[in-house]
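Visitor: One file is attached below, my_file-v7.cif, containing mmCIF, C-alpha atoms.
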```cif
data_start
loop_
_atom_site.group_PDB
_atom_site.id
_atom_site.type_symbol
_atom_site.label_atom_id
_atom_site.label_comp_id
_atom_site.auth_asym_id
_atom_site.auth_seq_id
_atom_site.Cartn_x
_atom_site.Cartn_y
_atom_site.Cartn_z
ATOM 1 C CA ARG A 1 91.267 -49.045 -70.386
ATOM 2 C CA PRO A 2 87.837 -47.760 -69.239
ATOM 3 C CA PRO A 3 84.772 -48.617 -71.349
ATOM 4 C CA ALA A 4 83.471 -46.034 -73.770
ATOM 5 C CA ALA A 5 80.858 -43.750 -72.332
ATOM 6 C CA LEU A 6 77.236 -44.294 -73.347
ATOM 7 C CA VAL A 7 75.479 -40.987 -73.936
ATOM 8 C CA PHE A 8 71.721 -40.562 -74.302
ATOM 9 C CA VAL A 9 70.508 -37.412 -76.013
ATOM 10 C CA VAL A 10 66.839 -36.726 -75.371
ATOM 11 C CA THR A 11 65.211 -33.944 -77.387
ATOM 12 C CA PRO A 12 61.705 -32.566 -76.739
ATOM 13 C CA ALA A 13 60.771 -33.081 -80.392
ATOM 14 C CA ALA A 14 61.568 -36.787 -80.222
ATOM 15 C CA TRP A 15 60.261 -37.364 -76.687
ATOM 16 C CA PRO A 16 57.632 -34.705 -75.964
ATOM 17 C CA THR A 17 55.843 -34.241 -72.673
ATOM 18 C CA VAL A 18 52.174 -34.982 -73.394
ATOM 19 C CA ILE A 19 49.192 -33.977 -71.280
ATOM 20 C CA SER A 20 46.144 -35.770 -72.598
ATOM 21 C CA ASN A 21 42.616 -36.837 -71.745
ATOM 22 C CA ALA A 22 40.938 -40.019 -72.909
ATOM 23 C CA ALA A 23 37.243 -39.475 -72.252
ATOM 24 C CA SER A 24 36.423 -37.226 -69.313
ATOM 25 C CA ILE A 25 34.928 -33.757 -69.603
ATOM 26 C CA ILE A 26 37.879 -31.832 -68.273
ATOM 27 C CA ARG A 27 40.196 -28.954 -69.075
ATOM 28 C CA LEU A 28 43.793 -30.122 -69.264
ATOM 29 C CA LEU A 29 45.575 -27.262 -67.507
ATOM 30 C CA ALA A 30 44.611 -24.069 -65.661
ATOM 31 C CA VAL A 31 47.116 -21.364 -64.748
ATOM 32 C CA THR A 32 45.688 -18.805 -62.314
ATOM 33 C CA GLY A 33 47.444 -16.050 -60.404
ATOM 34 C CA VAL A 34 50.918 -17.011 -61.614
ATOM 35 C CA ASN A 35 53.724 -14.474 -62.002
ATOM 36 C CA ASP A 36 56.873 -15.130 -64.069
ATOM 37 C CA GLY A 37 55.849 -18.609 -65.245
ATOM 38 C CA ARG A 38 56.841 -20.645 -68.286
ATOM 39 C CA MET A 39 55.771 -23.839 -70.050
ATOM 40 C CA GLU A 40 57.747 -25.200 -72.976
ATOM 41 C CA ASP A 41 57.773 -28.165 -75.371
ATOM 42 C CA ILE A 42 54.485 -29.625 -74.121
ATOM 43 C CA VAL A 43 51.707 -31.285 -76.117
ATOM 44 C CA LEU A 44 48.150 -30.609 -74.898
ATOM 45 C CA THR A 45 45.600 -32.848 -76.587
ATOM 46 C CA GLY A 46 42.167 -34.311 -75.945
ATOM 47 C CA GLY A 47 40.857 -31.624 -73.625
ATOM 48 C CA ASN A 48 37.058 -31.566 -73.398
ATOM 49 C CA ALA A 49 35.982 -28.694 -71.175
ATOM 50 C CA GLY A 50 32.672 -27.267 -70.094
ATOM 51 C CA MET A 51 34.321 -23.893 -69.465
ATOM 52 C CA ASP A 52 36.679 -21.453 -71.168
ATOM 53 C CA GLY A 53 39.872 -23.027 -72.474
ATOM 54 C CA GLY A 54 39.506 -26.544 -73.848
ATOM 55 C CA ALA A 55 43.187 -27.317 -73.266
ATOM 56 C CA LEU A 56 44.730 -24.367 -71.413
ATOM 57 C CA ALA A 57 43.359 -21.447 -69.427
ATOM 58 C CA ILE A 58 45.539 -18.570 -68.227
ATOM 59 C CA GLY A 59 43.858 -16.150 -65.825
ATOM 60 C CA ASP A 60 44.956 -13.249 -63.638
ATOM 61 C CA SER A 61 48.618 -13.921 -64.396
ATOM 62 C CA THR A 62 51.635 -11.782 -65.300
ATOM 63 C CA ASN A 63 54.743 -12.520 -67.390
ATOM 64 C CA PHE A 64 53.689 -16.003 -68.478
ATOM 65 C CA VAL A 65 55.324 -17.670 -71.503
ATOM 66 C CA VAL A 66 54.010 -20.600 -73.558
ATOM 67 C CA ALA A 67 56.793 -21.649 -75.931
ATOM 68 C CA ASP A 68 57.045 -24.357 -78.601
ATOM 69 C CA CYS A 69 53.901 -26.164 -77.470
ATOM 70 C CA ASP A 70 51.371 -28.136 -79.507
ATOM 71 C CA VAL A 71 47.710 -27.534 -78.602
ATOM 72 C CA ARG A 72 45.706 -29.880 -80.761
ATOM 73 C CA ASP A 73 42.376 -31.711 -80.945
ATOM 74 C CA ASN A 74 40.750 -30.068 -77.930
ATOM 75 C CA ARG A 75 37.206 -28.820 -77.510
ATOM 76 C CA THR A 76 34.980 -26.853 -75.169
ATOM 77 C CA SER A 77 31.370 -25.805 -74.799
ATOM 78 C CA GLY A 78 32.607 -22.480 -73.418
ATOM 79 C CA ASN A 79 35.051 -20.192 -75.242
ATOM 80 C CA GLY A 80 38.530 -20.897 -76.546
ATOM 81 C CA GLY A 81 38.728 -24.418 -77.897
ATOM 82 C CA GLY A 82 42.514 -24.401 -77.552
ATOM 83 C CA VAL A 83 43.627 -21.605 -75.219
ATOM 84 C CA ALA A 84 41.742 -18.986 -73.199
ATOM 85 C CA VAL A 85 43.451 -15.985 -71.590
ATOM 86 C CA TRP A 86 41.700 -13.476 -69.352
ATOM 87 C CA GLY A 87 42.696 -10.728 -66.955
ATOM 88 C CA SER A 88 46.399 -11.251 -67.613
ATOM 89 C CA THR A 89 49.388 -9.074 -68.546
ATOM 90 C CA ASN A 90 52.460 -9.777 -70.668
ATOM 91 C CA VAL A 91 51.413 -13.243 -71.825
ATOM 92 C CA THR A 92 53.559 -14.650 -74.642
ATOM 93 C CA LEU A 93 52.710 -17.492 -76.994
ATOM 94 C CA ARG A 94 55.779 -18.238 -79.106
ATOM 95 C CA GLY A 95 56.447 -20.991 -81.626
ATOM 96 C CA CYS A 96 53.216 -22.817 -80.799
ATOM 97 C CA ARG A 97 50.884 -24.823 -83.024
ATOM 98 C CA LEU A 98 47.146 -24.694 -82.321
ATOM 99 C CA LEU A 99 45.515 -27.331 -84.502
ATOM 100 C CA ARG A 100 41.959 -28.640 -84.878
ATOM 101 C CA ASN A 101 40.524 -27.108 -81.728
ATOM 102 C CA LEU A 102 36.764 -26.712 -81.457
ATOM 103 C CA VAL A 103 34.134 -24.636 -79.705
ATOM 104 C CA VAL A 104 30.709 -26.220 -79.932
ATOM 105 C CA ASN A 105 27.561 -25.813 -77.830
ATOM 106 C CA ASP A 106 23.796 -25.997 -78.083
ATOM 107 C CA GLY A 107 22.907 -22.334 -78.125
ATOM 108 C CA GLY A 108 23.628 -18.797 -77.008
ATOM 109 C CA ALA A 109 27.080 -17.597 -78.047
ATOM 110 C CA ALA A 110 30.605 -18.952 -78.290
ATOM 111 C CA TYR A 111 33.936 -17.452 -79.263
ATOM 112 C CA GLY A 112 37.452 -18.357 -80.346
ATOM 113 C CA GLY A 113 38.053 -21.787 -81.857
ATOM 114 C CA GLY A 114 41.816 -21.584 -81.389
ATOM 115 C CA LEU A 115 42.361 -18.629 -79.050
ATOM 116 C CA TYR A 116 40.071 -16.623 -76.767
ATOM 117 C CA LEU A 117 41.655 -13.402 -75.450
ATOM 118 C CA LEU A 118 39.679 -11.389 -72.907
ATOM 119 C CA ASN A 119 40.886 -8.181 -71.234
ATOM 120 C CA SER A 120 44.511 -9.224 -71.451
ATOM 121 C CA TYR A 121 47.822 -7.999 -72.852
ATOM 122 C CA GLY A 122 50.387 -10.051 -74.707
ATOM 123 C CA SER A 123 51.773 -11.347 -77.984
ATOM 124 C CA VAL A 124 51.446 -14.319 -80.309
ATOM 125 C CA SER A 125 54.571 -14.838 -82.424
ATOM 126 C CA ASN A 126 55.754 -17.495 -84.855
ATOM 127 C CA CYS A 127 52.610 -19.515 -84.209
ATOM 128 C CA LEU A 128 50.245 -21.534 -86.377
ATOM 129 C CA VAL A 129 46.483 -21.487 -85.771
ATOM 130 C CA GLU A 130 44.942 -23.969 -88.157
ATOM 131 C CA ARG A 131 41.688 -25.859 -88.773
ATOM 132 C CA SER A 132 39.978 -24.681 -85.618
ATOM 133 C CA GLU A 133 36.266 -24.041 -85.569
ATOM 134 C CA VAL A 134 33.370 -22.398 -83.767
ATOM 135 C CA ARG A 135 30.035 -23.997 -84.459
ATOM 136 C CA SER A 136 26.567 -24.558 -83.130
ATOM 137 C CA ALA A 137 25.343 -28.012 -82.207
ATOM 138 C CA ASN A 138 21.688 -27.038 -82.262
ATOM 139 C CA GLY A 139 20.844 -23.663 -83.751
ATOM 140 C CA GLY A 140 22.935 -21.247 -81.682
ATOM 141 C CA VAL A 141 23.143 -17.668 -82.907
ATOM 142 C CA TRP A 142 26.221 -15.580 -82.028
ATOM 143 C CA TYR A 143 29.433 -17.446 -82.845
ATOM 144 C CA TYR A 144 32.622 -15.512 -83.576
ATOM 145 C CA GLY A 145 36.307 -16.017 -84.331
ATOM 146 C CA GLY A 146 37.123 -19.395 -85.846
ATOM 147 C CA GLY A 147 40.835 -18.874 -85.274
ATOM 148 C CA LEU A 148 41.032 -16.085 -82.708
ATOM 149 C CA TYR A 149 38.599 -13.951 -80.717
ATOM 150 C CA MET A 150 39.723 -10.844 -78.829
ATOM 151 C CA SER A 151 37.823 -8.482 -76.547
ATOM 152 C CA GLY A 152 39.642 -5.818 -74.526
ATOM 153 C CA GLY A 153 43.328 -5.357 -73.823
ATOM 154 C CA GLU A 154 46.132 -5.191 -76.374
ATOM 155 C CA TRP A 155 47.803 -7.969 -78.380
ATOM 156 C CA GLU A 156 50.278 -8.342 -81.209
ATOM 157 C CA LEU A 157 49.983 -11.182 -83.719
ATOM 158 C CA ARG A 158 53.412 -11.387 -85.354
ATOM 159 C CA ASP A 159 55.065 -13.705 -87.899
ATOM 160 C CA SER A 160 52.166 -16.143 -87.552
ATOM 161 C CA ARG A 161 49.769 -18.045 -89.793
ATOM 162 C CA VAL A 162 46.003 -18.352 -89.335
ATOM 163 C CA LEU A 163 44.774 -20.918 -91.856
ATOM 164 C CA TYR A 164 41.684 -23.008 -92.666
ATOM 165 C CA ASN A 165 39.664 -21.930 -89.629
ATOM 166 C CA LYS A 166 35.878 -21.748 -89.707
ATOM 167 C CA VAL A 167 32.743 -20.344 -88.148
ATOM 168 C CA GLN A 168 29.624 -22.392 -88.847
ATOM 169 C CA THR A 169 26.374 -21.298 -87.238
ATOM 170 C CA TYR A 170 23.077 -19.452 -87.726
ATOM 171 C CA TYR A 171 24.842 -16.094 -87.594
ATOM 172 C CA GLY A 172 28.639 -15.898 -87.410
ATOM 173 C CA ALA A 173 31.533 -13.544 -88.069
ATOM 174 C CA GLY A 174 35.301 -13.644 -88.323
ATOM 175 C CA GLY A 175 36.435 -16.912 -89.853
ATOM 176 C CA ALA A 176 40.048 -16.143 -88.933
ATOM 177 C CA VAL A 177 39.894 -13.263 -86.434
ATOM 178 C CA TYR A 178 37.105 -11.451 -84.598
ATOM 179 C CA LEU A 179 38.024 -8.200 -82.829
ATOM 180 C CA ASN A 180 35.342 -7.015 -80.436
ATOM 181 C CA SER A 181 37.322 -4.293 -78.632
ATOM 182 C CA GLY A 182 40.870 -3.391 -77.632
ATOM 183 C CA VAL A 183 43.964 -3.055 -79.812
ATOM 184 C CA LEU A 184 45.182 -5.829 -82.103
ATOM 185 C CA ARG A 185 48.330 -5.420 -84.189
ATOM 186 C CA ILE A 186 49.009 -7.905 -86.978
ATOM 187 C CA ARG A 187 52.546 -7.829 -88.342
ATOM 188 C CA ASN A 188 53.897 -10.055 -91.089
ATOM 189 C CA GLY A 189 51.029 -12.498 -90.771
ATOM 190 C CA LEU A 190 49.355 -14.865 -93.210
ATOM 191 C CA LEU A 191 45.580 -15.303 -92.983
ATOM 192 C CA ALA A 192 44.280 -17.613 -95.711
ATOM 193 C CA GLN A 193 41.527 -20.119 -96.551
ATOM 194 C CA ASN A 194 39.397 -19.212 -93.543
ATOM 195 C CA ASP A 195 35.622 -19.398 -93.813
ATOM 196 C CA CYS A 196 32.583 -17.865 -92.171
ATOM 197 C CA ALA A 197 29.525 -19.788 -93.275
ATOM 198 C CA GLY A 198 26.457 -18.533 -91.442
ATOM 199 C CA TRP A 199 23.207 -20.240 -92.332
ATOM 200 C CA THR A 200 21.561 -16.857 -92.835
ATOM 201 C CA SER A 201 24.464 -14.414 -92.542
ATOM 202 C CA GLY A 202 28.198 -14.992 -92.373
ATOM 203 C CA GLN A 203 30.515 -11.998 -92.272
ATOM 204 C CA GLY A 204 34.279 -11.702 -92.593
ATOM 205 C CA ASP A 205 35.965 -14.856 -93.817
ATOM 206 C CA TRP A 206 39.281 -13.407 -92.669
ATOM 207 C CA ILE A 207 38.761 -10.584 -90.154
ATOM 208 C CA TYR A 208 35.679 -9.003 -88.618
ATOM 209 C CA VAL A 209 36.136 -5.804 -86.606
ATOM 210 C CA ASN A 210 33.165 -5.059 -84.377
ATOM 211 C CA GLY A 211 35.059 -2.460 -82.336
ATOM 212 C CA GLY A 212 38.530 -1.567 -81.140
ATOM 213 C CA THR A 213 41.613 -0.798 -83.226
ATOM 214 C CA LEU A 214 43.248 -3.077 -85.795
#
```
Translate the structure of the given file into structure tokens.
Guide:
Amino acid sequence: RPPAALVFVVTPAAWPTVISNAASIIRLLAVTGVNDGRMEDIVLTGGNAGMDGGALAIGDSTNFVVADCDVRDNRTSGNGGGVAVWGSTNVTLRGCRLLRNLVVNDGGAAYGGGLYLLNSYGSVSNCLVERSEVRSANGGVWYYGGGLYMSGGEWELRDSRVLYNKVQTYYGAGGAVYLNSGVLRIRNGLLAQNDCAGWTSGQGDWIYVNGGTL
């Protein structure tokens, strides 16, 4: 009789696809001008960018989905320690974990420790944004949005948690979320244990609305 079949079952959780960086100053992945794209079950870690999006940047794209991805331990001296999105429509982040991402530079301004959303439209659902930070390395002034920064466009934050994020600088605002302009809808979300610790003035441990509609 024939031998029994040997079956290998490979699951993304057990054997994830990992995009990482050991030491170079580099963004891990840039998506520009893509329509109807998708990335799923990918770990992005160790990004160290000198531009927006420490791990992932999505620009000028339409109908792009990021599903069940881990974005952790990335940093940038620009904006968006984890993910930056600009000029894009119908972008979906679903089931993702953004952990311990960092924006840090020597001066000027910096935004969005976990997420930086600029003039774009989309949704963030069933995601965790945790322990991300915006901070100054040497006396910078305007630092906003430890977890998420949004300016322009329209987004929905749904069934998601924004926890233990921080802004630490001379003057900062929005430990969890900073809304500069546009429309942000938060539905069934948990924002807790976020902190805005400005050396002279820190405003909005959870949410700071500078403009737009919340």
Visitor: Taking a cut-off of 12 Å and counting all atoms listed in the file, can you build a table that, for each residue of region 11-63 of chain A near region 120-140 of chain A, reports the nearest atom pair and how far apart they are in Å (one decimal), sorted by chain then residue number, as a tab-separated table?
Guide:
```
residue	atom	partner	partner_atom	distance
A:Gly54	CA	A:Ser132	CA	11.9
A:Ile58	CA	A:Ser120	CA	9.9
A:Gly59	CA	A:Ser120	CA	8.9
A:Asp60	CA	A:Ser120	CA	8.8
A:Ser61	CA	A:Ser120	CA	9.4
A:Thr62	CA	A:Tyr121	CA	9.3
A:Asn63	CA	A:Gly122	CA	8.9
```
Visitor: The residues within 12 Å of (22.9, -14.4, -76.3), using all atoms listed in the file and the coordinates of the file, should be reported as a list in words; which are they?
Guide: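 Nearby residues: Asp106, Gly107, Gly108, Ala109, Ala110, Tyr111, Gly140, Val141, Trp142, Tyr143 and Tyr171 of chain A.
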Visitor: Quick one: everything within 9 Å of region 179-194 of chain A, counting all atoms listed in the file, minus sequence neighbours fewer than 3 positions away in the same chain. Send it as a PyMOL selection string.
Guide: chain A and resi 119+131+145-167+174-176+205-214
Visitor: Would you kindly translate the PyMOL selection byres ((chain A and resi 18) around 7) into the concrete residues it picks from this file, as an MDAnalysis selection string?
Guide: chainID A and resid 16:17 19:20 42:44
Visitor: Find the distance between CA of Leu98 (chain A) and CA of Gly37 (chain A) and write it in Å to one decimal.
Guide: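 Pair CA of Leu98 (chain A) / CA of Gly37 (chain A) returns 20.1 Å.
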Visitor: Quick one: pull the distance between CA of Ser24 (chain A) and CA of Val91 (chain A), Å, one decimal.
Guide: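 About the pair CA of Ser24 (chain A) and CA of Val91 (chain A): they are 28.4 Å apart.
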Visitor: Compare A:Ile26, A:Val66, A:Val71, A:Val83 by their minimum atom-to-atom distance to Arg97 (chain A), counting all atoms listed in the file, and give me the closest one.
Guide: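 Ranking A:Ile26, A:Val66, A:Val71, A:Val83 by distance to Arg97 (chain A), first place goes to A:Val71.
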Visitor: Hey, can you check how far CA of Gly81 (chain A) sits from CA of Val34 (chain A)?
Guide: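 Between these atoms lies a distance of 21.6 Å.
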Visitor: Mind listing as an NGL selection string all residues within 6 Å of (46.1, -24.1, -67.6), counting all atoms listed in the file?
Guide: :A and (29-31 or 56-58)
Visitor: So that all listed atoms of region 22-36 of chain A fit with 8 Å spare on each side, what axis-aligned box centre and edge lengths in Å, to one decimal, would you give as JSON?
Guide:
```
{"center_x": 45.9, "center_y": -27.2, "center_z": -66.7, "size_x": 37.9, "size_y": 41.5, "size_z": 28.5}
```
Visitor: In terms of the shortest atom-to-atom distance over all atoms listed in the file, which of A:Asn74, A:Met39, A:Gln168, A:Val65 is closest to Ala22 (chain A)?
Guide: A:Asn74
Visitor: Ranking A:Val177, A:Ala55, A:Cys69, A:Ala197 by minimum distance to Gly112 (chain A) and counting only C-alpha atoms, which one comes first?
Guide: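 Nearest to Gly112 (chain A): A:Val177.
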Visitor: Measuring atom to atom with all atoms listed in the file, identify which of A:Gly172, A:Gly53, A:Gly95, A:Gly114 is nearest to Asn79 (chain A).
Guide: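 Counting all atoms listed in the file, the residue closest to Asn79 (chain A) is A:Gly53.
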Visitor: Of the candidates A:Leu102, A:Ala14, A:Cys196, A:Ala173, which shows the shortest atom-to-atom distance to Asp73 (chain A), using only C-alpha atoms?
Guide: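 Checking each candidate against Asp73 (chain A), we get A:Leu102 as the closest.
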Visitor: Rank A:Phe64, A:Asp195, A:Arg72, A:Gly47 by their smallest atom-to-atom distance to Asn90 (chain A), using only C-alpha atoms, and report the top residue only.
Guide: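 Between A:Phe64, A:Asp195, A:Arg72, A:Gly47, the residue approaching Asn90 (chain A) most closely is A:Phe64.
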